[in-house]
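K.L.:
Supplied structure: coords-v5.cif, mmCIF, C-alpha atoms.
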```cif
data_query
#
loop_
_atom_site.label_atom_id
_atom_site.label_comp_id
_atom_site.auth_asym_id
_atom_site.auth_seq_id
_atom_site.Cartn_x
_atom_site.Cartn_y
_atom_site.Cartn_z
CA MET A 1 9.93 -227.63 350.36
CA THR A 2 7.82 -230.54 349.35
CA GLY A 3 8.74 -233.99 348.22
CA SER A 4 5.40 -234.78 346.67
CA VAL A 5 4.48 -235.27 343.07
CA SER A 6 1.19 -234.50 341.48
CA SER A 7 -0.75 -234.13 338.29
CA SER A 8 -2.34 -230.91 339.51
CA GLN A 9 -2.49 -227.95 337.18
CA PRO A 10 -1.16 -224.51 338.07
CA ALA A 11 -3.62 -222.34 339.92
CA PRO A 12 -4.52 -218.93 338.50
CA GLU A 13 -2.89 -217.14 341.44
CA ALA A 14 0.49 -218.87 341.06
CA ALA A 15 3.33 -216.38 341.45
CA GLU A 16 5.06 -215.21 338.28
CA ARG A 17 7.91 -213.12 339.68
CA VAL A 18 9.49 -212.63 343.07
CA SER A 19 7.77 -209.97 345.19
CA THR A 20 9.50 -207.33 347.31
CA LEU A 21 8.18 -209.04 350.47
CA GLU A 22 9.95 -212.23 349.43
CA LEU A 23 13.15 -210.23 348.93
CA PHE A 24 12.64 -208.77 352.40
CA PHE A 25 12.12 -212.30 353.71
CA ASP A 26 15.39 -213.35 352.09
CA LEU A 27 17.29 -210.76 354.13
CA VAL A 28 16.92 -213.11 357.09
CA PHE A 29 18.70 -215.77 355.07
CA VAL A 30 21.66 -213.40 354.73
CA PHE A 31 21.97 -213.39 358.51
CA THR A 32 21.54 -217.17 358.68
CA ILE A 33 24.39 -217.70 356.21
CA THR A 34 26.55 -215.23 358.15
CA GLN A 35 25.88 -217.05 361.42
CA LEU A 36 26.75 -220.43 359.94
CA SER A 37 30.00 -219.14 358.46
CA THR A 38 30.82 -217.47 361.80
CA LEU A 39 30.30 -220.83 363.49
CA LEU A 40 32.85 -222.39 361.13
CA VAL A 41 35.30 -219.55 361.77
CA HIS A 42 35.37 -220.46 365.46
CA GLU A 43 34.77 -224.21 365.09
CA THR A 44 36.94 -225.44 362.22
CA SER A 45 37.12 -229.01 363.55
CA TRP A 46 34.98 -231.86 362.25
CA ARG A 47 32.58 -231.14 365.12
CA GLY A 48 31.98 -227.60 363.87
CA VAL A 49 31.47 -228.84 360.31
CA LEU A 50 28.97 -231.45 361.52
CA GLN A 51 27.08 -228.82 363.50
CA ALA A 52 26.92 -226.52 360.47
CA VAL A 53 25.75 -229.33 358.17
CA LEU A 54 23.00 -230.44 360.56
CA MET A 55 21.73 -226.89 361.03
CA LEU A 56 21.92 -225.97 357.35
CA GLY A 57 20.09 -229.20 356.50
CA VAL A 58 17.02 -228.45 358.60
CA ILE A 59 17.14 -224.72 357.88
CA TRP A 60 17.39 -225.15 354.11
CA TRP A 61 14.54 -227.67 354.01
CA MET A 62 12.10 -225.23 355.63
CA TYR A 63 13.53 -222.11 354.03
CA ASP A 64 13.05 -223.71 350.65
CA GLY A 65 9.60 -224.73 351.85
CA TYR A 66 8.71 -221.05 352.01
CA ALA A 67 9.91 -220.62 348.43
CA TRP A 68 7.47 -223.40 347.45
CA LEU A 69 4.78 -221.66 349.52
CA THR A 70 5.07 -218.24 347.90
CA ASN A 71 5.43 -219.89 344.51
CA ALA A 72 2.00 -221.48 344.93
CA ALA A 73 0.32 -218.81 347.07
CA PRO A 74 1.93 -215.38 346.54
CA PRO A 75 1.94 -212.93 349.49
CA ASP A 76 -0.63 -210.61 347.91
CA ARG A 77 -3.09 -210.67 350.80
CA PRO A 78 -2.73 -208.92 354.18
CA MET A 79 -3.02 -212.07 356.32
CA ARG A 80 -0.44 -213.94 354.25
CA ARG A 81 1.93 -211.02 354.64
CA VAL A 82 1.42 -210.87 358.39
CA PHE A 83 2.16 -214.58 358.81
CA LEU A 84 5.20 -214.35 356.52
CA LEU A 85 6.51 -211.56 358.75
CA ALA A 86 5.91 -213.82 361.75
CA ALA A 87 7.92 -216.55 360.01
CA MET A 88 10.69 -214.00 359.41
CA ALA A 89 10.77 -213.29 363.14
CA ALA A 90 11.05 -217.01 363.89
CA PHE A 91 13.89 -217.39 361.36
CA LEU A 92 15.65 -214.41 362.97
CA VAL A 93 15.44 -216.02 366.43
CA LEU A 94 16.69 -219.29 364.94
CA ALA A 95 19.64 -217.50 363.33
CA LEU A 96 20.50 -215.75 366.60
CA ALA A 97 20.68 -219.17 368.28
CA ILE A 98 23.05 -220.71 365.70
CA PRO A 99 26.48 -219.90 367.24
CA GLU A 100 25.60 -221.48 370.62
CA ALA A 101 23.04 -224.02 369.39
CA PHE A 102 25.13 -226.91 370.67
CA ARG A 103 26.18 -225.10 373.85
CA GLY A 104 22.99 -223.88 375.48
CA SER A 105 20.73 -222.16 372.92
CA GLY A 106 19.53 -225.35 371.23
CA ALA A 107 16.10 -225.09 372.88
CA SER A 108 15.62 -221.57 371.46
CA PHE A 109 16.63 -222.90 368.04
CA GLY A 110 14.11 -225.74 368.39
CA ILE A 111 11.22 -223.54 369.51
CA ALA A 112 11.83 -221.12 366.63
CA TYR A 113 12.04 -224.04 364.21
CA LEU A 114 8.74 -225.48 365.41
CA ALA A 115 7.10 -222.07 364.92
CA ILE A 116 8.50 -221.92 361.36
CA VAL A 117 7.05 -225.35 360.57
CA LEU A 118 3.62 -224.57 361.98
CA ILE A 119 3.33 -221.19 360.22
CA HIS A 120 4.36 -222.83 356.95
CA ALA A 121 1.73 -225.55 357.27
CA GLY A 122 -0.97 -223.05 358.23
CA LEU A 123 -0.24 -220.74 355.32
CA PHE A 124 -0.23 -223.61 352.83
CA ALA A 125 -3.48 -224.99 354.27
CA SER A 126 -5.16 -221.58 353.91
CA SER A 127 -4.22 -221.26 350.23
CA GLY A 128 -7.77 -222.12 349.17
CA SER A 129 -6.79 -225.17 347.13
CA GLN A 130 -8.17 -228.46 348.45
CA ARG A 131 -5.38 -230.37 346.67
CA MET A 132 -2.68 -228.29 348.34
CA THR A 133 -4.43 -228.51 351.71
CA ARG A 134 -4.45 -232.31 351.54
CA ALA A 135 -0.86 -232.34 350.32
CA ILE A 136 0.46 -230.08 353.07
CA PHE A 137 -1.18 -232.17 355.78
CA ARG A 138 0.67 -235.22 354.45
CA LEU A 139 3.94 -233.30 354.34
CA ALA A 140 3.42 -231.46 357.62
CA ARG A 141 3.46 -234.72 359.58
CA PHE A 142 7.10 -235.24 358.60
CA ASN A 143 7.99 -231.58 359.18
CA VAL A 144 6.45 -231.56 362.65
CA LEU A 145 8.21 -234.84 363.46
CA SER A 146 11.50 -233.29 362.41
CA ALA A 147 10.80 -230.16 364.46
CA GLY A 148 10.09 -232.42 367.43
CA PHE A 149 13.49 -234.08 367.03
CA VAL A 150 15.19 -230.69 366.78
CA LEU A 151 13.40 -229.31 369.84
CA ALA A 152 14.07 -232.44 371.91
CA GLY A 153 17.74 -232.41 370.92
CA GLY A 154 18.05 -228.74 371.81
CA ILE A 155 16.57 -229.41 375.24
CA VAL A 156 18.65 -232.46 376.19
CA GLY A 157 21.95 -231.34 374.61
CA GLY A 158 25.13 -233.41 374.57
CA THR A 159 25.65 -236.36 372.26
CA ALA A 160 21.90 -236.95 372.16
CA GLN A 161 21.50 -233.58 370.44
CA TYR A 162 23.63 -234.69 367.52
CA VAL A 163 21.66 -237.92 367.21
CA LEU A 164 18.24 -236.25 367.44
CA TRP A 165 19.16 -233.46 365.04
CA ALA A 166 20.51 -236.00 362.58
CA LEU A 167 17.15 -237.81 362.81
CA GLY A 168 15.39 -234.50 362.21
CA PHE A 169 17.59 -233.88 359.18
CA LEU A 170 16.91 -237.35 357.75
CA SER A 171 13.18 -237.35 358.46
CA GLU A 172 12.83 -234.29 356.22
CA TRP A 173 15.17 -235.15 353.40
CA VAL A 174 13.76 -238.65 352.90
CA THR A 175 10.23 -237.23 352.61
CA PRO A 176 10.41 -237.02 348.78
CA LEU A 177 10.90 -240.80 348.75
CA LEU A 178 7.96 -241.44 351.05
CA ILE A 179 5.25 -239.13 349.70
CA GLN A 180 4.15 -240.21 346.26
CA SER A 181 1.19 -237.95 345.57
CA GLY A 182 0.00 -234.46 346.39
CA GLY A 183 -1.34 -231.17 345.12
CA PHE A 184 1.65 -228.83 344.99
CA LEU A 185 2.23 -226.72 341.92
CA ILE A 186 5.21 -224.91 340.45
CA ALA A 187 5.36 -221.66 338.51
CA PRO A 188 8.73 -222.15 336.77
CA ALA A 189 9.74 -218.52 336.24
CA HIS A 190 9.19 -217.57 339.87
CA PHE A 191 10.73 -220.80 341.16
CA VAL A 192 13.98 -220.40 339.22
CA GLU A 193 14.26 -216.70 340.01
CA ARG A 194 13.68 -217.22 343.74
CA HIS A 195 16.39 -219.87 344.03
CA GLY A 196 18.77 -217.77 341.99
CA LEU A 197 18.29 -214.93 344.46
CA VAL A 198 19.07 -217.26 347.36
CA VAL A 199 22.33 -218.28 345.67
CA ILE A 200 23.36 -214.68 344.96
CA ILE A 201 22.64 -213.86 348.61
CA ALA A 202 24.91 -216.73 349.67
CA ILE A 203 27.68 -215.64 347.29
CA GLY A 204 27.32 -212.14 348.73
CA GLU A 205 28.37 -213.61 352.07
CA SER A 206 31.73 -214.52 350.56
CA VAL A 207 32.17 -210.86 349.57
CA VAL A 208 31.19 -209.77 353.09
CA ALA A 209 33.76 -212.24 354.44
CA VAL A 210 36.49 -210.38 352.54
CA GLY A 211 35.41 -207.13 354.19
CA ILE A 212 35.24 -208.67 357.66
CA GLY A 213 38.66 -210.28 357.26
CA ALA A 214 40.15 -206.96 356.17
CA GLY A 215 38.61 -205.02 359.05
CA GLY A 216 41.13 -202.95 361.00
CA LEU A 217 44.06 -203.79 358.70
CA PRO A 218 46.13 -201.17 356.84
CA VAL A 219 45.10 -200.89 353.20
CA ASP A 220 48.47 -201.71 351.70
CA LEU A 221 49.41 -203.52 348.51
CA ALA A 222 49.32 -206.94 350.16
CA LEU A 223 45.80 -206.43 351.53
CA VAL A 224 44.54 -205.05 348.22
CA GLY A 225 45.99 -208.05 346.37
CA VAL A 226 44.45 -210.72 348.58
CA ALA A 227 41.13 -208.84 348.81
CA VAL A 228 40.93 -208.71 345.02
CA LEU A 229 41.68 -212.44 344.89
CA GLY A 230 38.81 -213.03 347.32
CA LEU A 231 36.50 -210.96 345.16
CA LEU A 232 37.64 -212.79 342.02
CA LEU A 233 36.85 -216.11 343.71
CA SER A 234 33.32 -214.85 344.45
CA ALA A 235 33.05 -213.62 340.88
CA CYS A 236 33.98 -217.09 339.61
CA LEU A 237 31.20 -218.59 341.74
CA TRP A 238 28.77 -216.06 340.29
CA TRP A 239 29.94 -216.80 336.76
CA ALA A 240 29.61 -220.54 337.26
CA TYR A 241 26.01 -220.29 338.44
CA PHE A 242 24.68 -217.26 336.55
CA GLY A 243 27.16 -216.29 333.84
CA SER A 244 26.18 -218.94 331.32
CA GLY A 245 22.63 -217.55 331.17
CA ASP A 246 20.85 -220.83 331.84
CA ALA A 247 17.93 -219.37 333.85
CA ASP A 248 15.68 -219.42 330.78
CA ARG A 249 16.69 -223.00 330.01
CA ALA A 250 15.98 -224.01 333.61
CA GLU A 251 12.53 -222.43 333.37
CA THR A 252 11.92 -224.27 330.12
CA ALA A 253 13.07 -227.58 331.61
CA LEU A 254 10.64 -227.21 334.51
CA GLY A 255 7.80 -225.84 332.42
CA SER A 256 7.99 -228.50 329.71
CA ALA A 257 8.09 -231.42 332.15
CA PRO A 258 4.83 -233.20 333.06
CA ALA A 259 3.43 -231.97 336.37
CA ALA A 260 4.46 -235.10 338.27
CA LYS A 261 8.03 -235.02 336.94
CA ARG A 262 8.23 -231.25 337.38
CA GLN A 263 7.89 -231.53 341.12
CA TRP A 264 10.53 -234.22 341.35
CA LEU A 265 12.88 -232.13 339.20
CA ALA A 266 12.27 -229.16 341.50
CA VAL A 267 12.94 -231.16 344.67
CA THR A 268 16.10 -232.72 343.29
CA SER A 269 17.71 -229.85 341.41
CA PHE A 270 16.74 -226.94 343.65
CA GLY A 271 16.50 -228.84 346.94
CA TYR A 272 19.06 -231.62 347.14
CA TRP A 273 21.70 -230.16 344.84
CA HIS A 274 21.49 -226.62 346.17
CA MET A 275 22.48 -227.89 349.61
CA PRO A 276 26.16 -228.53 348.61
CA ILE A 277 26.12 -225.28 346.63
CA LEU A 278 25.13 -223.33 349.74
CA PHE A 279 27.39 -225.20 352.13
CA GLY A 280 30.29 -224.75 349.73
CA VAL A 281 29.83 -220.98 349.85
CA ILE A 282 29.52 -221.01 353.65
CA ALA A 283 32.74 -223.02 353.99
CA MET A 284 34.65 -220.74 351.62
CA ALA A 285 33.35 -217.62 353.40
CA ALA A 286 34.55 -218.97 356.74
CA ALA A 287 38.03 -219.67 355.34
CA LEU A 288 38.17 -216.30 353.58
CA ARG A 289 37.64 -214.41 356.83
CA HIS A 290 40.89 -215.84 358.15
CA ALA A 291 42.78 -215.87 354.86
CA ILE A 292 42.31 -212.15 354.15
CA GLY A 293 44.00 -211.12 357.40
CA HIS A 294 46.79 -213.71 357.14
CA ALA A 295 47.47 -213.77 353.41
CA SER A 296 51.21 -214.45 353.63
CA GLN A 297 50.85 -217.13 356.30
CA ASP A 298 50.00 -220.75 355.83
CA LEU A 299 46.49 -221.89 356.76
CA SER A 300 45.68 -224.57 359.27
CA THR A 301 44.72 -227.92 357.79
CA GLU A 302 41.07 -227.27 358.67
CA GLN A 303 41.01 -223.82 357.05
CA ALA A 304 42.70 -225.04 353.88
CA LEU A 305 40.18 -227.89 353.74
CA LEU A 306 37.26 -225.49 354.14
CA LEU A 307 38.52 -223.37 351.25
CA GLY A 308 39.35 -226.19 348.83
CA CYS A 309 36.48 -228.53 349.74
CA GLY A 310 34.05 -225.61 349.76
CA ALA A 311 34.92 -224.77 346.16
CA ALA A 312 34.70 -228.44 345.16
CA LEU A 313 31.29 -228.86 346.84
CA PHE A 314 29.94 -225.78 345.10
CA LEU A 315 31.05 -227.07 341.70
CA VAL A 316 29.75 -230.61 342.24
CA GLY A 317 26.38 -229.30 343.42
CA ASP A 318 26.22 -226.99 340.41
CA VAL A 319 27.05 -229.83 338.01
CA MET A 320 24.40 -232.11 339.51
CA TYR A 321 21.81 -229.33 339.46
CA ARG A 322 22.50 -228.75 335.78
CA ARG A 323 22.60 -232.45 334.95
CA THR A 324 19.21 -233.01 336.61
CA LEU A 325 17.65 -230.27 334.47
CA GLY A 326 19.56 -231.27 331.33
CA LEU A 327 21.54 -228.01 331.16
CA GLY A 328 24.94 -229.60 330.49
CA ARG A 329 28.30 -227.99 331.33
CA GLY A 330 29.68 -230.77 333.47
CA PRO A 331 33.13 -232.05 332.42
CA TRP A 332 35.21 -228.92 332.91
CA ARG A 333 33.49 -228.11 336.20
CA LEU A 334 34.05 -231.60 337.58
CA ALA A 335 37.70 -231.34 336.59
CA ALA A 336 37.87 -227.99 338.38
CA ALA A 337 36.34 -229.58 341.49
CA GLY A 338 39.12 -232.14 341.55
CA LEU A 339 41.78 -229.47 341.06
CA ALA A 340 40.20 -227.37 343.83
CA LEU A 341 40.96 -230.21 346.23
CA ALA A 342 44.52 -230.24 344.94
CA THR A 343 44.99 -226.63 346.14
CA ILE A 344 44.63 -227.67 349.79
CA PRO A 345 48.38 -228.40 350.26
CA LEU A 346 49.16 -224.94 348.86
CA GLY A 347 47.10 -223.29 351.58
CA HIS A 348 48.56 -225.45 354.32
CA TRP A 349 52.21 -225.54 353.27
CA VAL A 350 52.68 -222.27 351.34
CA SER A 351 50.20 -219.46 352.11
CA ALA A 352 46.57 -218.44 352.06
CA SER A 353 47.13 -216.18 349.06
CA ALA A 354 48.75 -219.05 347.14
CA GLN A 355 45.68 -221.24 347.61
CA LEU A 356 43.34 -218.36 346.77
CA GLY A 357 45.27 -217.56 343.60
CA ALA A 358 45.29 -221.21 342.57
CA LEU A 359 41.53 -221.53 343.13
CA VAL A 360 40.84 -218.43 341.05
CA ALA A 361 43.08 -219.78 338.28
CA VAL A 362 41.38 -223.20 338.37
CA LEU A 363 37.82 -221.85 338.29
CA ALA A 364 38.52 -219.11 335.75
CA GLY A 365 40.44 -221.56 333.56
CA ALA A 366 37.64 -224.13 333.62
CA LEU A 367 35.01 -221.52 332.79
CA ALA A 368 37.15 -220.09 329.96
CA ALA A 369 37.79 -223.57 328.52
CA GLU A 370 34.08 -224.31 328.73
CA GLN A 371 33.20 -221.12 326.87
CA ALA A 372 35.86 -221.77 324.23
CA GLY A 373 34.55 -225.29 323.65
CA GLU A 374 30.98 -224.07 323.27
CA ARG A 375 32.06 -221.35 320.87
CA GLU A 376 33.98 -223.89 318.79
CA LEU A 377 30.90 -226.12 318.62
CA TYR A 378 28.76 -223.15 317.63
CA LEU A 379 31.16 -222.10 314.86
CA SER A 380 31.54 -225.65 313.55
CA GLY A 381 27.75 -225.97 313.50
CA ARG A 382 27.40 -222.80 311.47
CA SER A 383 30.10 -223.81 309.03
CA GLY A 384 28.46 -227.23 308.62
#
```
Can you turn what I pasted into structure tokens?
P.N.:
Amino acid sequence: MTGSVSSSQPAPEAAERVSTLELFFDLVFVFTITQLSTLLVHETSWRGVLQAVLMLGVIWWMYDGYAWLTNAAPPDRPMRRVFLLAAMAAFLVLALAIPEAFRGSGASFGIAYLAIVLIHAGLFASSGSQRMTRAIFRLARFNVLSAGFVLAGGIVGGTAQYVLWALGFLSEWVTPLLIQSGGFLIAPAHFVERHGLVVIIAIGESVVAVGIGAGGLPVDLALVGVAVLGLLLSACLWWAYFGSGDADRAETALGSAPAAKRQWLAVTSFGYWHMPILFGVIAMAAALRHAIGHASQDLSTEQALLLGCGAALFLVGDVMYRRTLGLGRGPWRLAAAGLALATIPLGHWVSASAQLGALVAVLAGALAAEQAGERELYLSGRSG
């Protein structure tokens, strides 16, 4: 990711659609999401949540950075492909280190992260554009600083690791406020498609969580019912992000903005606001793993919070993403976010299936009301 803004014009080689190598690259992100949700399965306390947030923060910054990279310099040359595969290997090592990152494998996480940062900077610098080369050197200073914090924290461990990783997180995410010029470009169609694929990959983890939670259990009516509820919850997430068909409008919003504003829109809508979207899915996936196997039992306070707050985070991030791009659809979704929080007592005091059913009803109801309101506006416009 980059926080810079620029008046540069798109280069002729800018990517138009996502390549198969980028899809292959995204498979590593599937594993990363799985590892983070697994961490929350075993560490449902505030400490586990903090660990997951800190790791997702630094991971998402650099993972999104590779989306910016391939958007500007598509992997259509052998050397670019080789270095992207090397970055995949580093991301894989990083993902392997996630479950024990705060209990012994933090140094491995930090070394892999430093490799990811250096490969990213090198690939951007070799793009052939002098503007982008100058821009990446300005950005890379902050990325390397952050990687240094992460590596140092992983080595020393303990409380210092939390402090140093928080500094690494902040040093990256404040970069857009510190870098005011650069040479990065955005091809809107590719950019929107690539981020949409990342979201569908994340939502897929919630489906996988249903399967993992059901593993080894008899396929009786109770299991089928709660599994279908889990799938319906994932379907509601899909519908909220993709079902309203706003990809074309998002492309138009990016493409019609001046180059300087376009980059800020991209950083804000697809960087900042996709962070709660992704963490919301991770939290829900972690809660679903437990809920599927214990549908008739009440959830712990932490698990009920993960499920309800995860849904609320997803919806708030989605609303802010849409508001930034001027895509609308906010009121009903914000109301649904509030009601999602209200389902937490159901999970804790009644049962997991009760909270799941309530969440599905809340999300589906909000989406249906939204569609009905838009249809009414459309019909009134035609009649007028």
K.L.:
Enter the distance from CA of Gly328 in chain A to CA of Trp173 in chain A, in Å, rounded to one decimal.
P.N.:
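Distance between the two atoms: 25.5 Å.
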K.L.:
Please list as a ChimeraX atom specification every residue within 8 Å of Ala52 in chain A, counting only C-alpha atoms and excluding residues in the same chain fewer than 2 positions away.
P.N.:
/A:36,39-40,48-50,54-56
K.L.:
For Leu237 in chain A, which residue out of A:Phe29, A:Phe169, A:Phe314, A:Phe270 is the nearest one, using only C-alpha atoms?
P.N.:
A:Phe314
K.L.:
Give me the residues near Trp273 in chain A as a PDB file with C-alpha atoms, in the frame of the given file, where near means some atom within 8 Å (using only C-alpha atoms) and where sequence neighbours in that chain fewer than 6 positions away do not count.
P.N.:
```pdb
ATOM      1  CA  GLY A 317      26.380-229.300 343.420  1.00  0.00           C
ATOM      2  CA  ASP A 318      26.220-226.990 340.410  1.00  0.00           C
ATOM      3  CA  MET A 320      24.400-232.110 339.510  1.00  0.00           C
ATOM      4  CA  TYR A 321      21.810-229.330 339.460  1.00  0.00           C
TER       5      TYR A 321
END
```
K.L.:
Can you pull out the residues contacting Gly122 in chain A? Cut-off 10 Å, using all atoms listed in the file, and skip same-chain residues under 2 positions away; I want them as a list in words.
P.N.:
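So, after excluding close chain neighbours, the residues are Arg80, Phe83, Val117, Leu118, Ile119, His120, Phe124, Ala125, Ser126, Ser127, Thr133, Ile136, Phe137 and Ala140 of chain A.
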K.L.:
Name the residues that the PyMOL selection byres ((chain A and resi 227) around 9) pulls out of this structure, and write them as a list of chain:residue names.
P.N.:
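The output of the PyMOL selection byres ((chain A and resi 227) around 9) on this file is A:Val210, A:Gly211, A:Gly213, A:Ala214, A:Ala222, A:Leu223, A:Val224, A:Gly225, A:Val226, A:Val228, A:Leu229, A:Gly230, A:Leu231, A:Leu232, A:Ile292.
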K.L.:
I'd like the interatomic distance between CA of Ile98 in chain A and CA of Thr32 in chain A, to a tenth of an Å.
P.N.:
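Computing it gives 8.0 Å between the two atoms.
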